[in-house]
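Novice: Quick one: the structure is below, questions incoming.
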Amino acid sequence: MTVTLQILYVIDLDAARQVLRAYMSLDIIWQDIRLAWDPEEFDGIPSMTVQCDSLWIPEDFMMNIIAIDEIHPDRFKQCKFYSNGTVKFEESYNADIQCSVNVANFPFDTQECNIQFATPSYEWYQVNPRGKLFTKYGPGPTSAVGNGEFLVKNVTMQEFPLNGNVSNDDIVLVIYFITIKREPSFYIYVITMPCFLLTFLSIVGCFWTTNVEERQLEKLAIALTSMMSMTTFVDMVSQQMPKTNHFPLLGTFVLICVFITSAACVVVVSMTEEYPVLGKTKTSDLIMRIYNALSM
């Protein structure tokens, strides 16, 4: 039995649930000797097309699928079989695939998911699975397509060949490996840049003028407001990530910004100047001092 992945469209990758949602178009070819005939005895007919429910077709044999939705109903499924008993079955699915997500470099991360095909109801010597890739349209942007957030970088296939050392209890797998890369532009514009600007403006607001006691509350209000705003960014990052021991790179950046703003608050509170520095007084105050000195 040969399983050929013809089309792969990435719909979504839910990192929090570690599930890849994808559309797949498969060609499944097998040989059933009970359907063979001699074309010369039947007016040279080389092939026929019938409803698939009148033939034996393979079971749903994708191993790491959480949920699967068939695109076409049973009444529209057509199977084509040839005089030598070869049967060809084309099927399309929307599938939720288990995918272990590593978010250490989020949002500059690259993920690798896989789709596993096997025959759990048959022994290894009864079904000889084989895999192929993109034989109909060829490899390219029309065969493997990402969504707006992810790009499909590569799709490869690996077979576990049959040999005499395989026991009857083993399941032979055909695995398709899908490598996708995240587009970080959204997270840069929505989280990274605003967080950086808030931190920069907080530092400027805290240390631009003299740190006298009368102005401490104003400075602290600027810093604390920025910190409260950055907690929104932390919440956005946490909702996107799975609860694993790998902390995302973007989350580290946001926490560093929060730490810098917190350190600025501590400095404002602990290092108060009793009198303003002459170089940082207002222009009107400086002019008034010069006028008083000249009057004397």
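Chain lettering (A, B, ...) mirrors the order of the structure tokens, residue numbering begins at 1 for each chain separately, and ligand numbering begins at 1 in order of display.
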Please extract the residues of range 123-197 of chain A with a backbone DSSP assignment of helix (DSSP H, G or I) and present them as a count of residues only.
Specialist: 13
Novice: Can you pull out the residues contacting range 28-33 of chain A? Cut-off 9 Å, using only C-alpha atoms, and skip same-chain residues under 4 positions away; I want them as a short mmCIF file (atom, residue, chain, number, x, y, z; two decimals) with all heavy atoms, in the first residue's frame.
Specialist:
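Result went into part.cif, see below:
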```
data_model
loop_
_atom_site.label_atom_id
_atom_site.label_comp_id
_atom_site.auth_asym_id
_atom_site.auth_seq_id
_atom_site.Cartn_x
_atom_site.Cartn_y
_atom_site.Cartn_z
N MET A 1 0.85 -1.18 0.00
CA MET A 1 0.00 0.00 0.00
C MET A 1 0.89 1.24 0.00
O MET A 1 1.81 1.35 0.81
CB MET A 1 -0.92 0.02 1.23
CG MET A 1 -1.86 1.21 1.28
SD MET A 1 -2.95 1.15 2.71
CE MET A 1 -1.75 1.24 4.03
N THR A 2 0.61 2.15 -0.91
CA THR A 2 1.40 3.38 -1.04
C THR A 2 0.54 4.57 -0.65
O THR A 2 -0.57 4.75 -1.17
CB THR A 2 1.89 3.56 -2.49
OG1 THR A 2 2.68 2.42 -2.86
CG2 THR A 2 2.73 4.82 -2.61
N VAL A 3 1.06 5.38 0.27
CA VAL A 3 0.39 6.60 0.71
C VAL A 3 1.20 7.78 0.18
O VAL A 3 2.39 7.92 0.50
CB VAL A 3 0.29 6.67 2.24
CG1 VAL A 3 -0.40 7.96 2.68
CG2 VAL A 3 -0.46 5.46 2.77
N THR A 4 0.56 8.63 -0.63
CA THR A 4 1.23 9.79 -1.22
C THR A 4 0.58 11.06 -0.70
O THR A 4 -0.63 11.26 -0.85
CB THR A 4 1.13 9.76 -2.75
OG1 THR A 4 1.66 8.51 -3.23
CG2 THR A 4 1.93 10.90 -3.36
N LEU A 5 1.39 11.90 -0.08
CA LEU A 5 0.91 13.21 0.37
C LEU A 5 1.03 14.18 -0.81
O LEU A 5 2.14 14.52 -1.22
CB LEU A 5 1.73 13.69 1.56
CG LEU A 5 1.36 15.05 2.15
CD1 LEU A 5 -0.05 15.03 2.70
CD2 LEU A 5 2.35 15.45 3.25
N TRP A 37 -8.82 -8.55 -13.72
CA TRP A 37 -9.49 -9.18 -14.86
C TRP A 37 -8.62 -9.07 -16.09
O TRP A 37 -7.64 -8.31 -16.12
CB TRP A 37 -10.87 -8.56 -15.10
CG TRP A 37 -10.83 -7.19 -15.71
CD1 TRP A 37 -10.83 -6.88 -17.04
CD2 TRP A 37 -10.79 -5.93 -15.02
NE1 TRP A 37 -10.79 -5.53 -17.23
CE2 TRP A 37 -10.77 -4.92 -16.00
CE3 TRP A 37 -10.77 -5.58 -13.67
CZ2 TRP A 37 -10.73 -3.57 -15.67
CZ3 TRP A 37 -10.74 -4.24 -13.34
CH2 TRP A 37 -10.72 -3.26 -14.32
N TRP A 56 -13.30 -2.77 -0.69
CA TRP A 56 -12.54 -2.69 0.56
C TRP A 56 -11.56 -1.55 0.45
O TRP A 56 -10.81 -1.43 -0.54
CB TRP A 56 -11.78 -3.99 0.80
CG TRP A 56 -10.92 -3.92 2.05
CD1 TRP A 56 -11.28 -4.25 3.31
CD2 TRP A 56 -9.55 -3.47 2.12
NE1 TRP A 56 -10.24 -4.04 4.18
CE2 TRP A 56 -9.17 -3.56 3.48
CE3 TRP A 56 -8.63 -3.00 1.18
CZ2 TRP A 56 -7.91 -3.20 3.91
CZ3 TRP A 56 -7.37 -2.63 1.62
CH2 TRP A 56 -7.01 -2.75 2.98
N ILE A 57 -11.57 -0.65 1.41
CA ILE A 57 -10.61 0.45 1.44
C ILE A 57 -9.92 0.42 2.80
O ILE A 57 -10.47 -0.09 3.79
CB ILE A 57 -11.28 1.81 1.20
CG1 ILE A 57 -12.34 2.10 2.28
CG2 ILE A 57 -11.90 1.87 -0.18
CD1 ILE A 57 -12.96 3.46 2.16
N PRO A 58 -8.71 0.96 2.88
CA PRO A 58 -7.98 0.94 4.16
C PRO A 58 -8.71 1.72 5.23
O PRO A 58 -9.48 2.65 4.96
CB PRO A 58 -6.63 1.58 3.81
CG PRO A 58 -6.51 1.45 2.34
CD PRO A 58 -7.90 1.53 1.80
N PHE A 81 -10.09 1.53 -10.10
CA PHE A 81 -9.26 0.33 -10.04
C PHE A 81 -8.99 -0.16 -11.46
O PHE A 81 -9.77 0.07 -12.39
CB PHE A 81 -9.92 -0.76 -9.18
CG PHE A 81 -11.24 -1.26 -9.68
CD1 PHE A 81 -11.33 -2.42 -10.43
CD2 PHE A 81 -12.41 -0.56 -9.40
CE1 PHE A 81 -12.55 -2.89 -10.88
CE2 PHE A 81 -13.64 -1.02 -9.85
CZ PHE A 81 -13.71 -2.19 -10.60
N ASN A 84 -5.21 -4.99 -13.34
CA ASN A 84 -4.28 -5.81 -12.55
C ASN A 84 -4.63 -5.83 -11.06
O ASN A 84 -3.88 -6.37 -10.25
CB ASN A 84 -2.85 -5.31 -12.75
CG ASN A 84 -2.67 -3.88 -12.27
OD1 ASN A 84 -3.63 -3.20 -11.91
ND2 ASN A 84 -1.42 -3.43 -12.26
N GLY A 85 -5.75 -5.23 -10.69
CA GLY A 85 -6.19 -5.22 -9.30
C GLY A 85 -5.73 -4.02 -8.50
O GLY A 85 -6.03 -3.94 -7.31
N THR A 86 -5.03 -3.08 -9.12
CA THR A 86 -4.58 -1.88 -8.42
C THR A 86 -5.74 -0.92 -8.22
O THR A 86 -6.49 -0.62 -9.15
CB THR A 86 -3.47 -1.18 -9.21
OG1 THR A 86 -2.37 -2.09 -9.37
CG2 THR A 86 -2.99 0.06 -8.47
N VAL A 87 -5.90 -0.44 -7.00
CA VAL A 87 -6.99 0.48 -6.64
C VAL A 87 -6.37 1.81 -6.21
O VAL A 87 -5.40 1.83 -5.43
CB VAL A 87 -7.86 -0.09 -5.51
CG1 VAL A 87 -9.05 0.82 -5.23
CG2 VAL A 87 -8.34 -1.50 -5.86
N LYS A 88 -6.96 2.91 -6.68
CA LYS A 88 -6.50 4.25 -6.33
C LYS A 88 -7.64 5.00 -5.65
O LYS A 88 -8.75 5.09 -6.19
CB LYS A 88 -6.03 5.01 -7.57
CG LYS A 88 -5.47 6.39 -7.25
CD LYS A 88 -4.97 7.08 -8.50
CE LYS A 88 -4.39 8.45 -8.20
NZ LYS A 88 -3.92 9.14 -9.43
N PHE A 89 -7.34 5.54 -4.50
CA PHE A 89 -8.35 6.23 -3.69
C PHE A 89 -7.80 7.59 -3.29
O PHE A 89 -6.72 7.69 -2.70
CB PHE A 89 -8.68 5.39 -2.46
CG PHE A 89 -9.60 6.07 -1.48
CD1 PHE A 89 -10.76 6.67 -1.90
CD2 PHE A 89 -9.30 6.08 -0.13
CE1 PHE A 89 -11.61 7.28 -1.00
CE2 PHE A 89 -10.14 6.70 0.77
CZ PHE A 89 -11.30 7.30 0.33
N GLU A 90 -8.51 8.66 -3.64
CA GLU A 90 -8.12 10.02 -3.29
C GLU A 90 -9.01 10.53 -2.17
O GLU A 90 -10.24 10.45 -2.26
CB GLU A 90 -8.22 10.94 -4.51
CG GLU A 90 -7.30 10.55 -5.66
CD GLU A 90 -7.41 11.49 -6.85
OE1 GLU A 90 -8.14 12.51 -6.72
OE2 GLU A 90 -6.79 11.22 -7.88
N GLU A 91 -8.37 11.06 -1.14
CA GLU A 91 -9.12 11.51 0.03
C GLU A 91 -8.52 12.81 0.55
O GLU A 91 -7.32 13.07 0.43
CB GLU A 91 -9.08 10.44 1.13
CG GLU A 91 -9.87 10.78 2.38
CD GLU A 91 -11.35 10.96 2.15
OE1 GLU A 91 -11.71 11.87 1.37
OE2 GLU A 91 -12.14 10.21 2.73
#
```
Novice: Taking only C-alpha atoms into account, name the residue in A:Thr192, A:Ser202, A:Asn154, A:Thr142 that is nearest to Val237 in chain A.
Specialist: A:Thr192
Novice: Residues at most 9 Å from Asn147 in chain A, counting only C-alpha atoms, excluding those fewer than 3 positions away in the same chain, as a ChimeraX atom specification?
Specialist: /A:9-12,150-152
Novice: As a ChimeraX atom specification, please: every residue in range 106-282 of chain A that DSSP puts in strand (DSSP E).
Specialist: /A:110-117,130-133,144-145,150-159,174-182
Novice: Residues of the last selection are to be written out with C-alpha atoms, as an mmCIF file, in the first residue's frame.
Specialist:
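Here's the written file selection31.cif:
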```cif
data_model
loop_
_atom_site.group_PDB
_atom_site.id
_atom_site.type_symbol
_atom_site.label_atom_id
_atom_site.label_comp_id
_atom_site.auth_asym_id
_atom_site.auth_seq_id
_atom_site.Cartn_x
_atom_site.Cartn_y
_atom_site.Cartn_z
ATOM 1 C CA THR A 110 10.974 26.906 13.936
ATOM 2 C CA GLN A 111 8.805 23.891 14.687
ATOM 3 C CA GLU A 112 8.880 20.347 13.334
ATOM 4 C CA CYS A 113 5.685 18.296 13.328
ATOM 5 C CA ASN A 114 5.112 14.840 11.889
ATOM 6 C CA ILE A 115 2.261 12.763 10.521
ATOM 7 C CA GLN A 116 2.501 9.039 11.167
ATOM 8 C CA PHE A 117 0.846 6.404 8.975
ATOM 9 C CA ARG A 130 5.215 2.837 1.326
ATOM 10 C CA GLY A 131 5.249 6.619 1.197
ATOM 11 C CA LYS A 132 5.667 9.258 -1.507
ATOM 12 C CA LEU A 133 5.634 13.035 -1.662
ATOM 13 C CA ALA A 144 2.909 22.834 0.751
ATOM 14 C CA VAL A 145 1.402 26.148 1.862
ATOM 15 C CA PHE A 150 3.708 30.192 9.550
ATOM 16 C CA LEU A 151 5.724 29.311 6.454
ATOM 17 C CA VAL A 152 6.272 25.722 5.409
ATOM 18 C CA LYS A 153 10.042 25.452 5.030
ATOM 19 C CA ASN A 154 10.371 21.753 4.245
ATOM 20 C CA VAL A 155 8.437 18.492 4.038
ATOM 21 C CA THR A 156 10.309 15.200 4.105
ATOM 22 C CA MET A 157 9.374 11.551 4.398
ATOM 23 C CA GLN A 158 10.940 8.629 6.207
ATOM 24 C CA GLU A 159 10.066 4.961 5.908
ATOM 25 C CA VAL A 174 5.590 5.960 7.271
ATOM 26 C CA ILE A 175 6.323 9.392 8.730
ATOM 27 C CA TYR A 176 6.079 12.791 7.035
ATOM 28 C CA PHE A 177 8.110 15.504 8.757
ATOM 29 C CA ILE A 178 6.821 19.078 8.387
ATOM 30 C CA THR A 179 9.125 21.992 9.213
ATOM 31 C CA ILE A 180 7.376 25.337 9.701
ATOM 32 C CA LYS A 181 8.812 28.742 10.620
ATOM 33 C CA ARG A 182 6.928 31.479 12.426
#
```
Novice: How many Å lie between CA of Asp38 in chain A and CA of Val127 in chain A, rounded to one decimal?
Specialist: 25.0 Å
Novice: Interatomic distance between CA of Ser121 in chain A and CA of Met48 in chain A?
Specialist: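 According to the coordinates, CA of Ser121 in chain A and CA of Met48 in chain A are separated by 28.0 Å.
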Novice: Which neighbours of Pro107 in chain A fall inside 12 Å, counting only C-alpha atoms, when residues of the same chain fewer than 6 positions from it are skipped, and could you give them as a ChimeraX atom specification?
Specialist: /A:15,149-150,181-192,237,240-241,247-253
Novice: Skipping near chain neighbours, those fewer than 6 positions away, what residues fall within 9 Å of Gln216 in chain A using only C-alpha atoms, listed as an NGL selection string?
Specialist: :A and (206 or 268-269 or 272)
Novice: Between CA of Leu26 in chain A and CA of Thr135 in chain A, what is the distance, to one decimal in Å?
Specialist: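 If I compute the distance from CA of Leu26 in chain A to CA of Thr135 in chain A, I get 10.7 Å.
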